[in-house]
>>> print(open('work36.cif').read())   # mmCIF, C-alpha atoms
data_query
loop_
_atom_site.label_atom_id
_atom_site.label_comp_id
_atom_site.auth_asym_id
_atom_site.auth_seq_id
_atom_site.Cartn_x
_atom_site.Cartn_y
_atom_site.Cartn_z
CA MET Q 185 203.94 244.81 44.78
CA ALA Q 186 206.38 244.39 41.91
CA ASN Q 187 205.89 247.85 40.48
CA SER Q 188 206.31 249.55 43.85
CA PHE Q 189 210.10 249.31 43.85
CA ASP Q 190 212.46 251.35 45.96
CA ASP Q 191 214.03 253.93 43.66
CA THR Q 192 217.33 253.64 45.52
CA THR Q 193 217.74 249.86 45.61
CA PRO Q 194 218.79 247.95 42.47
CA ALA Q 195 216.96 244.73 41.71
CA ILE Q 196 218.58 241.45 42.66
CA ILE Q 197 218.35 239.27 39.57
CA PRO Q 198 218.65 235.50 40.22
CA THR Q 199 220.83 233.23 38.10
CA LEU Q 200 220.35 229.94 36.29
CA ASP Q 201 222.90 227.18 35.83
CA LEU Q 202 224.34 226.57 32.36
CA ASN Q 203 225.44 223.17 31.10
CA ASP Q 204 229.11 224.18 31.41
CA GLY Q 205 228.88 224.78 35.16
CA ARG Q 206 228.63 228.57 34.97
CA ALA Q 207 225.67 230.71 36.00
CA ILE Q 208 223.77 233.23 33.87
CA PRO Q 209 221.48 236.02 35.10
CA GLN Q 210 217.81 235.19 34.63
CA LEU Q 211 217.12 238.53 32.92
CA GLY Q 212 219.40 240.81 30.94
CA LEU Q 213 219.66 244.13 29.13
CA GLY Q 214 219.33 244.24 25.37
CA ILE Q 215 221.68 246.90 24.04
CA TYR Q 216 220.78 247.28 20.37
CA ALA Q 217 220.73 250.96 19.29
CA MET Q 218 222.43 252.21 22.47
CA LYS Q 219 225.24 254.30 21.04
CA GLY Q 220 227.38 257.29 21.94
CA GLU Q 221 227.62 258.84 25.37
CA GLU Q 222 223.88 258.48 25.89
CA GLY Q 223 224.22 254.76 25.28
CA VAL Q 224 227.13 254.46 27.70
CA ASP Q 225 225.21 256.34 30.38
CA ALA Q 226 222.12 254.18 29.85
CA ILE Q 227 224.11 250.97 30.26
CA VAL Q 228 225.90 252.26 33.37
CA ASN Q 229 222.57 253.26 34.88
CA ALA Q 230 221.11 249.82 34.15
CA VAL Q 231 224.02 248.13 35.92
CA ASP Q 232 224.58 250.42 38.89
CA ASN Q 233 221.06 251.65 39.57
CA ALA Q 234 218.75 248.93 38.23
CA GLY Q 235 220.74 245.79 39.01
CA TYR Q 236 221.38 244.38 35.54
CA ARG Q 237 224.39 242.11 35.17
CA LEU Q 238 223.79 240.48 31.78
CA LEU Q 239 224.67 242.86 28.93
CA ASP Q 240 223.78 241.65 25.43
CA THR Q 241 225.57 243.21 22.47
CA ALA Q 242 226.76 242.02 19.04
CA VAL Q 243 229.12 242.97 16.25
CA ASN Q 244 226.09 243.89 14.16
CA TYR Q 245 224.85 246.35 16.81
CA GLU Q 246 227.99 248.45 16.23
CA ASN Q 247 228.17 249.44 19.90
CA GLU Q 248 230.71 247.10 21.46
CA ARG Q 249 232.91 250.12 22.21
CA GLU Q 250 230.07 251.72 24.17
CA VAL Q 251 229.53 248.52 26.13
CA GLY Q 252 233.22 248.34 26.94
CA GLN Q 253 233.23 251.96 28.06
CA ALA Q 254 230.20 251.32 30.25
CA VAL Q 255 231.93 248.32 31.83
CA ALA Q 256 234.91 250.55 32.55
CA ASN Q 257 232.71 253.32 33.97
CA THR Q 258 230.43 251.23 36.15
CA GLU Q 259 230.96 250.85 39.87
CA THR Q 260 230.21 247.13 39.51
CA PRO Q 261 233.26 244.82 39.35
CA ARG Q 262 233.93 243.21 35.98
CA GLU Q 263 233.69 239.73 37.49
CA ASP Q 264 230.11 240.44 38.54
CA LEU Q 265 229.06 241.24 34.97
CA PHE Q 266 228.01 238.81 32.26
CA VAL Q 267 228.95 240.30 28.88
CA THR Q 268 227.61 238.67 25.74
CA SER Q 269 228.50 239.39 22.11
CA LYS Q 270 227.78 237.63 18.83
CA ILE Q 271 229.65 236.61 15.68
CA PRO Q 272 227.90 237.93 12.55
CA GLY Q 273 227.07 235.79 9.55
CA ARG Q 274 229.80 237.39 7.43
CA HIS Q 275 232.44 236.09 9.87
CA HIS Q 276 231.56 232.40 9.61
CA GLY Q 277 234.35 229.84 9.45
CA PHE Q 278 236.91 228.55 11.97
CA ASP Q 279 239.62 231.17 11.44
CA GLU Q 280 237.08 233.90 10.79
CA ALA Q 281 235.29 233.21 14.09
CA ILE Q 282 238.54 233.48 16.03
CA ALA Q 283 239.52 236.71 14.28
CA SER Q 284 236.04 238.18 14.76
CA THR Q 285 236.12 237.42 18.48
CA GLU Q 286 239.57 238.94 18.94
CA GLU Q 287 238.29 242.08 17.20
CA SER Q 288 235.24 242.16 19.48
CA LEU Q 289 237.42 241.89 22.57
CA ALA Q 290 239.61 244.73 21.29
CA ARG Q 291 236.58 246.97 20.74
CA LEU Q 292 235.19 246.06 24.14
CA GLY Q 293 238.55 246.48 25.85
CA LEU Q 294 237.98 243.19 27.67
CA ASP Q 295 240.17 240.14 28.24
CA TYR Q 296 237.28 237.70 27.84
CA LEU Q 297 233.60 237.40 27.02
CA ASP Q 298 231.25 235.66 29.42
CA LEU Q 299 229.15 234.35 26.54
CA HIS Q 300 229.77 234.41 22.80
CA LEU Q 301 227.11 233.38 20.32
CA ILE Q 302 226.87 232.60 16.62
CA HIS Q 303 224.40 235.38 15.80
CA TRP Q 304 222.83 233.69 12.80
CA PRO Q 305 223.26 230.20 11.30
CA ASN Q 306 223.60 231.68 7.81
CA PRO Q 307 222.40 228.35 6.37
CA SER Q 308 222.93 229.31 2.73
CA VAL Q 309 226.67 229.51 3.43
CA GLY Q 310 226.71 226.37 5.56
CA LYS Q 311 229.73 227.15 7.74
CA TYR Q 312 228.11 227.22 11.15
CA VAL Q 313 229.72 223.94 12.24
CA ASP Q 314 233.18 225.33 11.42
CA THR Q 315 232.22 228.53 13.24
CA TRP Q 316 231.16 226.45 16.24
CA ARG Q 317 234.53 224.69 16.20
CA GLY Q 318 236.10 228.14 16.32
CA LEU Q 319 234.07 229.00 19.41
CA ILE Q 320 235.16 225.76 21.07
CA GLU Q 321 238.78 226.73 20.39
CA LEU Q 322 238.18 230.21 21.80
CA ARG Q 323 236.77 228.70 24.98
CA GLU Q 324 239.78 226.45 25.32
CA ARG Q 325 242.03 229.51 24.96
CA GLY Q 326 240.10 231.31 27.71
CA LEU Q 327 238.95 234.17 25.47
CA VAL Q 328 235.32 233.22 26.06
CA GLU Q 329 233.81 231.51 29.09
CA SER Q 330 230.57 230.10 27.67
CA ILE Q 331 229.59 229.52 24.06
CA GLY Q 332 226.23 229.34 22.37
CA VAL Q 333 224.17 230.16 19.34
CA SER Q 334 221.28 232.37 18.26
CA ASN Q 335 218.38 231.67 15.91
CA PHE Q 336 219.24 227.97 15.56
CA THR Q 337 216.64 225.28 14.91
CA GLU Q 338 216.42 221.86 16.57
CA ALA Q 339 218.04 220.26 13.53
CA MET Q 340 220.93 222.72 13.55
CA LEU Q 341 221.54 222.24 17.26
CA THR Q 342 221.58 218.48 16.76
CA GLU Q 343 224.03 218.85 13.90
CA LEU Q 344 226.44 220.92 16.03
CA ILE Q 345 226.30 218.41 18.88
CA ASP Q 346 226.72 215.39 16.62
CA ALA Q 347 229.66 216.98 14.80
CA THR Q 348 231.59 218.21 17.83
CA GLY Q 349 230.26 216.56 20.97
CA VAL Q 350 229.83 220.05 22.48
CA THR Q 351 226.34 221.29 23.34
CA PRO Q 352 225.70 225.04 23.18
CA ALA Q 353 225.06 226.61 26.57
CA VAL Q 354 222.44 228.99 25.13
CA ASN Q 355 220.24 229.40 22.09
CA GLN Q 356 218.95 232.97 21.83
CA VAL Q 357 215.79 233.12 19.72
CA GLU Q 358 212.82 235.34 19.01
CA LEU Q 359 210.31 234.49 21.71
CA HIS Q 360 207.28 236.32 23.11
CA PRO Q 361 203.59 235.54 23.77
CA TYR Q 362 202.75 235.82 20.07
CA PHE Q 363 205.58 233.38 19.23
CA PRO Q 364 206.08 231.27 22.40
CA GLN Q 365 208.12 228.47 20.79
CA ALA Q 366 207.01 225.92 23.40
CA GLU Q 367 208.35 222.97 21.40
CA LEU Q 368 211.78 224.56 21.05
CA ILE Q 369 211.93 225.38 24.77
CA ALA Q 370 211.07 221.77 25.56
CA PHE Q 371 213.78 220.54 23.18
CA HIS Q 372 216.32 222.89 24.74
CA ARG Q 373 215.41 221.60 28.18
CA SER Q 374 215.81 217.99 27.03
CA ILE Q 375 219.39 218.55 25.84
CA GLY Q 376 220.48 221.01 28.54
CA VAL Q 377 220.43 224.24 26.49
CA GLN Q 378 219.25 227.45 28.13
CA THR Q 379 216.67 229.46 26.17
CA GLU Q 380 217.23 233.20 25.84
CA SER Q 381 214.67 235.46 24.18
CA TRP Q 382 215.23 238.48 22.00
CA SER Q 383 212.32 240.84 21.34
CA PRO Q 384 210.72 239.52 24.56
CA LEU Q 385 208.12 242.33 24.62
CA TYR Q 386 207.50 242.20 20.85
CA ARG Q 387 208.21 245.97 20.89
CA ASP Q 388 204.71 246.16 22.43
CA GLN Q 389 202.80 246.42 19.08
CA GLY Q 390 199.49 245.84 20.83
CA LEU Q 391 200.72 243.01 23.02
CA PHE Q 392 200.15 244.90 26.26
CA ASP Q 393 196.46 245.44 25.40
CA GLU Q 394 195.73 241.73 25.16
CA THR Q 395 193.12 240.66 27.72
CA PRO Q 396 195.14 237.93 29.51
CA ILE Q 397 198.05 240.35 30.00
CA ALA Q 398 195.90 243.28 31.10
CA GLU Q 399 193.97 241.09 33.53
CA ALA Q 400 197.15 239.62 35.03
CA ALA Q 401 198.63 243.10 35.41
CA ALA Q 402 195.56 244.25 37.32
CA ALA Q 403 195.47 241.10 39.46
CA HIS Q 404 199.11 241.44 40.55
CA ASP Q 405 199.25 245.26 40.57
CA VAL Q 406 202.10 245.32 38.07
CA THR Q 407 202.60 246.70 34.56
CA PRO Q 408 201.77 244.74 31.40
CA ALA Q 409 205.49 244.68 30.54
CA GLN Q 410 206.24 243.14 33.91
CA VAL Q 411 203.58 240.48 33.27
CA VAL Q 412 205.15 239.57 29.93
CA LEU Q 413 208.66 239.44 31.37
CA ARG Q 414 207.43 237.31 34.27
CA TRP Q 415 205.75 235.02 31.72
CA HIS Q 416 209.20 234.50 30.17
CA ILE Q 417 210.59 233.50 33.56
CA GLU Q 418 207.69 231.10 34.12
CA VAL Q 419 208.06 229.34 30.76
CA GLY Q 420 211.82 228.95 31.19
CA SER Q 421 213.29 231.70 29.03
CA ILE Q 422 215.80 234.45 29.85
CA PRO Q 423 214.37 237.73 28.50
CA ILE Q 424 216.67 240.55 27.45
CA PRO Q 425 214.39 243.60 27.16
CA LYS Q 426 215.82 246.73 25.57
CA SER Q 427 215.36 250.08 27.26
CA ALA Q 428 217.51 253.15 27.82
CA ASN Q 429 214.86 254.74 30.04
CA PRO Q 430 215.91 254.52 33.72
CA GLU Q 431 212.39 254.00 35.05
CA ARG Q 432 211.58 251.26 32.53
CA GLN Q 433 214.93 249.61 33.14
CA ARG Q 434 214.10 249.36 36.84
CA SER Q 435 210.55 248.23 36.22
CA ASN Q 436 211.64 245.57 33.73
CA ALA Q 437 214.12 244.14 36.21
CA ASP Q 438 211.59 244.09 39.05
CA VAL Q 439 209.78 240.85 38.20
CA PHE Q 440 211.09 238.44 40.82
CA ASP Q 441 208.76 239.11 43.73
CA PHE Q 442 205.52 237.91 42.16
CA ALA Q 443 204.46 234.87 40.16
CA LEU Q 444 201.80 234.20 37.57
CA THR Q 445 199.34 231.39 38.11
CA PRO Q 446 199.47 228.38 35.78
CA ALA Q 447 196.17 229.55 34.28
CA GLU Q 448 197.59 233.01 33.59
CA VAL Q 449 200.70 231.52 31.96
CA ALA Q 450 198.53 229.27 29.76
CA ALA Q 451 196.26 232.13 28.72
CA ILE Q 452 199.21 234.31 27.76
CA SER Q 453 200.86 231.45 25.85
CA ALA Q 454 197.58 230.97 23.97
CA LEU Q 455 198.01 234.41 22.40
CA GLU Q 456 200.17 232.81 19.73
CA ARG Q 457 198.83 234.22 16.49
CA GLY Q 458 197.95 232.11 13.50
CA ARG Q 459 200.30 234.10 11.29
CA MET Q 460 203.17 233.21 13.63
CA LYS Q 461 202.17 229.68 14.55
CA ASP Q 462 203.84 228.13 11.52
CA ARG Q 463 206.42 230.82 10.85
CA ASP Q 464 209.93 229.86 9.86
CA PRO Q 465 212.32 230.94 12.65
CA LEU Q 466 214.96 231.62 9.99
CA THR Q 467 212.91 234.24 8.17
CA HIS Q 468 214.79 237.16 9.66
CA GLU Q 469 217.61 238.01 12.00
CA GLU Q 470 217.35 240.18 15.05
CA MET Q 471 218.69 243.70 14.55
#
>>> encode(input="work36.cif", output="structure tokens")
Amino acid sequence: MANSFDDTTPAIIPTLDLNDGRAIPQLGLGIYAMKGEEGVDAIVNAVDNAGYRLLDTAVNYENEREVGQAVANTETPREDLFVTSKIPGRHHGFDEAIASTEESLARLGLDYLDLHLIHWPNPSVGKYVDTWRGLIELRERGLVESIGVSNFTEAMLTELIDATGVTPAVNQVELHPYFPQAELIAFHRSIGVQTESWSPLYRDQGLFDETPIAEAAAAHDVTPAQVVLRWHIEVGSIPIPKSANPERQRSNADVFDFALTPAEVAAISALERGRMKDRDPLTHEEM
């Protein structure tokens, strides 16, 4: 069963195709709050011992240096890793986006990023199209391989595409059973954008005690967290759970040898809470 993993064998995480011809791991490691030597060690463990390849950081996380050190320390070749960072709202604009990315690469000690995202549309400033043009330029220069956005709405995605003719490879958004964003996932699929989910486990907060999740965990002999992460895979989202704990890292990555039934997926999706059903996705930014 999925939670009976071999402690010596890292998980093999499948990949999905992006609209630019590259491949992205189907599950990644969220790295917010992983700092100092403990953070470096946690990231190295996730890569070398748990099988993670997608590492998700950001300027706002203030740990790009730790990620870069972990990349240098890991036994895994750089070309096998998929390193993501994000441009913060205060760095919006064409020139600002380029400068911000160059600074990120310097902190990371890397020649290129596998994926670079606009972290937040910062709609009150209204420079996300110029920022997107900066990312297009960075891709043309070879400093980033794939480009995308985070926390963008359908209207904002459409605006970027109409203005530049370039469709983001990824939109990373808050997504979990209490906020499943089915309409946004369907829109992403229709235009070739890959959905990535931050806060995929909703920091638990009672989620694991919900009946459909507990019942699915018992039925498949897995943990509630594994059920939720598998639900993400089933609905078409790339989850990036955060954990520095070696056992949880391994457990979170071990969700590719079982599948939920359509009824289980529907029951978990139905957990969407009324207070979240009509929430504005721009109400807050991931930290």
>>> closest_residue(input="work36.cif", among="Q:Phe442, Q:Trp415, Q:Trp316, Q:Trp304", to="Thr351 of chain Q", atoms="only C-alpha atoms")
Q:Trp316
>>> residues_near_point(input="work36.cif", point="(209.2, 238.1, 39.4)", cutoff="10 Å", atoms="all atoms listed in the file", output="PyMOL selection string")
chain Q and resi 186+197-198+410-411+413-418+436-444
>>> closest_residue(input="work36.cif", among="Q:Thr258, Q:Gln356, Q:Thr315, Q:Asn306", to="Tyr236 of chain Q", atoms="only C-alpha atoms")
Q:Thr258
>>> resolve_selection(input="work36.cif", expression="the PyMOL selection byres ((chain Q and resi 195) around 6)", output="PyMOL selection string")
chain Q and resi 194+196+234-235
>>> write_last_selection(input="work36.cif", atoms="C-alpha atoms", output="PDB file, keeping the file's coordinate frame")
ATOM      1  CA  PRO Q 194     218.790 247.950  42.470  1.00  0.00           C
ATOM      2  CA  ILE Q 196     218.580 241.450  42.660  1.00  0.00           C
ATOM      3  CA  ALA Q 234     218.750 248.930  38.230  1.00  0.00           C
ATOM      4  CA  GLY Q 235     220.740 245.790  39.010  1.00  0.00           C
TER       5      GLY Q 235
END
>>> residues_near_point(input="work36.cif", point="(233.8, 228.7, 21.3)", cutoff="10 Å", atoms="all atoms listed in the file", output="JSON, numbers by chain")
{"Q": [278, 281, 282, 285, 299, 300, 301, 302, 315, 316, 317, 318, 319, 320, 321, 322, 323, 324, 325, 326, 327, 328, 329, 330, 331, 332, 333, 350, 352]}
>>> residues_around(input="work36.cif", residues="Asn355 of chain Q", least_positions_apart="5", cutoff="7 Å", atoms="all atoms listed in the file", output="list in words")
Gly332, Val333, Ser334, Asn335, Phe336, Val377, Gln378, Thr379 and Glu380 of chain Q
>>> closest_atom_pairs(input="work36.cif", of="segment 283-366 of chain Q", to="segment 390-394 of chain Q", cutoff="10 Å", atoms="all atoms listed in the file", output="Markdown table")
| residue | atom | partner | partner_atom | distance |
| --- | --- | --- | --- | --- |
| Q:His360 | CA | Q:Leu391 | CA | 9.4 |
| Q:Pro361 | CA | Q:Leu391 | CA | 8.0 |
| Q:Tyr362 | CA | Q:Leu391 | CA | 8.0 |
>>> write_last_selection(input="work36.cif", atoms="C-alpha atoms", output="compact mmCIF listing (two decimals), keeping the file's coordinate frame")
# COMPACT_ATOMS: atom_id res chain seq x y z
CA HIS Q 360 207.28 236.32 23.11
CA PRO Q 361 203.59 235.54 23.77
CA TYR Q 362 202.75 235.82 20.07
